[in-house]
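First comes the structure, then the notes that go with it.
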Amino acid sequence: DAKTTQPPSMDCAEGRAANLPCNHSTISGNEYVYWYRQIHSQGPQYIIHGLKNNETNEMASLIITEDRKSSTLILPHATLRDTAVYYCIVRVEGTGGFKTIFGAGTRLFVKA
Amino acid sequence: DAGVIQSPRHEVTEMGQEVTLRCKPISGHNSLFWYRQTMMRGLELLIYFNNNVPIDDSGMPEDRFSAKMPNASFSTLKIQPSEPRDSAVYFCASSRLAGGPTGELFFGEGSRLTVL
């Protein structure tokens, strides 16, 4: 089972920042938060990951709360091409390593 | 880099036929994953391999499904016999080091299977 909770859908105006929340209240100290997105009919695409500190790359920023029980993915200037399902993931440790389990994600609609 | 390569991209078959899906992971990646996606169940992890060895197949739905990884550059997912409920998009993904605490997945474009 996924260890995260996300809203099922969100809207955002084109050019504005999209802030996608995620709750992961049972996260352990050494578990990373990952974000992926899936544009219609394509395979999921890695966006960013973090442990404690905020992270930024060319695609997005990741803000993790101090208690690490929640995080926010920020797309600073959303475009129509950012319309996708966004998955927040805390990997599950099993025999032999970590498994990436996808939940339902947040469907982001960027509107003109 | 060519990315993860899957074939076929689309397959339509009749119930009872054998289906074989193929995946070539990114060179140098140690881990390979098979996922299935349907509208009803979302993205489900079926099985994953580390260094060509199956590690966790708890997501494989039943004995009709089998997966192999004979070498570091090739894996197959086989369904025999296929049933209409197996219709889905099957994704393959690879990663440098799934066993560690970090390791992003790189996905292929998927194989869309329709079983009539």
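By order in the structure tokens, chains are A, B, ...; within a chain, residues start at 1; ligands start at 1, following the order shown.
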- Message: What are the residues of chain A lining chain B at 9 Å or less? Count only C-alpha atoms, and put the answer as an NGL selection string.
- Response: :A and (30-32 or 34 or 41-49 or 91 or 93-104)
Go ahead and save the picked residues with N, CA, C and O atoms, as a compact mmCIF listing (two decimals), in the first residue's frame.
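Listing of part_38.txt after writing:
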```txt
# COMPACT_ATOMS: atom_id res chain seq x y z
N ASN A 30 14.93 7.49 7.56
CA ASN A 30 15.84 7.33 6.43
C ASN A 30 15.10 7.17 5.10
O ASN A 30 15.70 6.78 4.10
N GLU A 31 13.81 7.45 5.09
CA GLU A 31 13.02 7.28 3.87
C GLU A 31 12.91 8.60 3.11
O GLU A 31 12.58 9.63 3.69
N TYR A 32 13.15 8.52 1.82
CA TYR A 32 13.08 9.67 0.96
C TYR A 32 11.66 9.86 0.42
O TYR A 32 10.91 8.91 0.24
N TYR A 34 9.71 10.91 -2.93
CA TYR A 34 9.89 11.01 -4.37
C TYR A 34 8.62 11.59 -5.01
O TYR A 34 7.51 11.35 -4.55
N SER A 41 -0.92 8.67 -21.28
CA SER A 41 -0.46 7.57 -22.14
C SER A 41 1.05 7.35 -22.11
O SER A 41 1.53 6.45 -22.79
N GLN A 42 1.78 8.14 -21.34
CA GLN A 42 3.21 7.94 -21.27
C GLN A 42 3.59 7.22 -19.97
O GLN A 42 2.79 7.13 -19.04
N GLY A 43 4.83 6.74 -19.90
CA GLY A 43 5.31 6.18 -18.66
C GLY A 43 5.57 7.27 -17.63
O GLY A 43 5.84 8.41 -18.00
N PRO A 44 5.49 6.93 -16.35
CA PRO A 44 5.79 7.93 -15.32
C PRO A 44 7.20 8.50 -15.48
O PRO A 44 8.11 7.80 -15.91
N GLN A 45 7.34 9.75 -15.12
CA GLN A 45 8.61 10.47 -15.25
C GLN A 45 9.05 10.96 -13.89
O GLN A 45 8.27 11.61 -13.17
N TYR A 46 10.27 10.67 -13.53
CA TYR A 46 10.82 11.15 -12.26
C TYR A 46 10.93 12.67 -12.29
O TYR A 46 11.33 13.27 -13.29
N ILE A 47 10.57 13.31 -11.15
CA ILE A 47 10.69 14.75 -11.06
C ILE A 47 11.79 15.14 -10.08
O ILE A 47 12.75 15.84 -10.43
N ILE A 48 11.67 14.68 -8.84
CA ILE A 48 12.56 15.16 -7.79
C ILE A 48 12.44 14.25 -6.58
O ILE A 48 11.44 13.53 -6.46
N HIS A 49 13.41 14.25 -5.70
CA HIS A 49 13.28 13.56 -4.43
C HIS A 49 14.06 14.31 -3.35
O HIS A 49 14.95 15.12 -3.67
N ARG A 91 9.06 5.21 -0.63
CA ARG A 91 9.28 3.82 -1.02
C ARG A 91 9.13 2.89 0.17
O ARG A 91 9.48 3.23 1.30
N GLU A 93 10.13 -0.54 2.06
CA GLU A 93 11.26 -1.47 2.13
C GLU A 93 10.74 -2.90 2.24
O GLU A 93 9.92 -3.21 3.10
N GLY A 94 11.23 -3.74 1.33
CA GLY A 94 10.84 -5.15 1.37
C GLY A 94 12.07 -6.01 1.34
O GLY A 94 13.18 -5.53 1.48
N THR A 95 11.87 -7.28 1.10
CA THR A 95 13.01 -8.19 1.01
C THR A 95 13.86 -7.81 -0.19
O THR A 95 13.37 -7.71 -1.30
N GLY A 96 15.11 -7.54 0.04
CA GLY A 96 15.99 -7.26 -1.07
C GLY A 96 16.06 -5.82 -1.50
O GLY A 96 16.79 -5.49 -2.43
N GLY A 97 15.30 -4.96 -0.86
CA GLY A 97 15.42 -3.56 -1.23
C GLY A 97 14.11 -2.81 -1.14
O GLY A 97 13.14 -3.27 -0.56
N PHE A 98 14.12 -1.62 -1.74
CA PHE A 98 12.98 -0.72 -1.66
C PHE A 98 12.10 -0.87 -2.89
O PHE A 98 12.60 -0.96 -4.01
N LYS A 99 10.79 -0.83 -2.67
CA LYS A 99 9.83 -0.91 -3.76
C LYS A 99 9.15 0.45 -3.91
O LYS A 99 8.82 1.09 -2.91
N THR A 100 8.95 0.85 -5.15
CA THR A 100 8.24 2.09 -5.44
C THR A 100 6.79 1.74 -5.72
O THR A 100 6.47 1.16 -6.76
N ILE A 101 5.92 2.09 -4.77
CA ILE A 101 4.50 1.78 -4.87
C ILE A 101 3.75 3.07 -5.18
O ILE A 101 3.86 4.06 -4.44
N PHE A 102 3.00 3.05 -6.25
CA PHE A 102 2.25 4.23 -6.68
C PHE A 102 0.85 4.21 -6.07
O PHE A 102 0.17 3.20 -6.08
N GLY A 103 0.45 5.37 -5.55
CA GLY A 103 -0.93 5.53 -5.12
C GLY A 103 -1.76 6.09 -6.27
O GLY A 103 -1.39 5.92 -7.44
N ALA A 104 -2.84 6.77 -5.94
CA ALA A 104 -3.74 7.31 -6.97
C ALA A 104 -3.23 8.63 -7.54
O ALA A 104 -3.61 9.02 -8.64
```
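Residue neighbourhood of Ser25 (chain A), excluding near-sequence residues (fewer than 2 positions): Thr4, Asn23, Ile27, Arg68, Lys69 and Ser70 of chain A, at 8 Å, using only C-alpha atoms.
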Can those selected residues be exported to a file as a short mmCIF file (atom, residue, chain, number, x, y, z; two decimals), in the first residue's frame so that it contains N, CA, C and O atoms?
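Okay, this is what ended up in result01.cif:
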```
data_model
loop_
_atom_site.label_atom_id
_atom_site.label_comp_id
_atom_site.auth_asym_id
_atom_site.auth_seq_id
_atom_site.Cartn_x
_atom_site.Cartn_y
_atom_site.Cartn_z
N THR A 4 1.41 7.38 1.27
CA THR A 4 1.16 8.81 1.12
C THR A 4 -0.30 9.07 0.83
O THR A 4 -1.03 8.19 0.37
N ASN A 23 0.77 14.17 2.12
CA ASN A 23 0.94 13.77 3.51
C ASN A 23 1.61 12.41 3.59
O ASN A 23 1.22 11.49 2.87
N ILE A 27 6.24 8.32 7.70
CA ILE A 27 7.57 8.23 7.10
C ILE A 27 8.63 7.98 8.17
O ILE A 27 8.55 8.50 9.28
N ARG A 68 8.82 16.27 8.69
CA ARG A 68 8.86 15.36 7.54
C ARG A 68 7.55 14.63 7.32
O ARG A 68 7.50 13.67 6.55
N LYS A 69 6.48 15.07 7.92
CA LYS A 69 5.21 14.36 7.76
C LYS A 69 4.42 14.84 6.55
O LYS A 69 3.37 14.27 6.22
N SER A 70 4.88 15.87 5.91
CA SER A 70 4.23 16.32 4.69
C SER A 70 5.23 17.05 3.82
O SER A 70 6.31 17.45 4.27
#
```
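All residues of protein, DNA or RNA that reach within 10 Å of Ile39 (chain A), judged by only C-alpha atoms and not counting those fewer than 6 positions away in the chain, are Gln45, Arg81, Asp82, Thr83, Ala84, Val85, Tyr86 and Arg107 of chain A.
Nearest residue to Val53 (chain B) among B:Gln6, B:Thr38, B:Ser66, B:Asn30 is B:Asn30, counting only C-alpha atoms.
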- Message: Going by DSSP on the backbone, which residues of region 29-80 of chain A come out as strand (DSSP E or B)? List them as a count of residues only.
- Response: 24
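With CA of Gly105 (chain A) on one side and CA of Leu32 (chain B) on the other, the separation reads 22.5 Å.
Proximity of A:Leu62, A:Ala17, A:Leu108, A:Leu80 to Val33 (chain A), computed with only C-alpha atoms, is greatest for A:Leu62.
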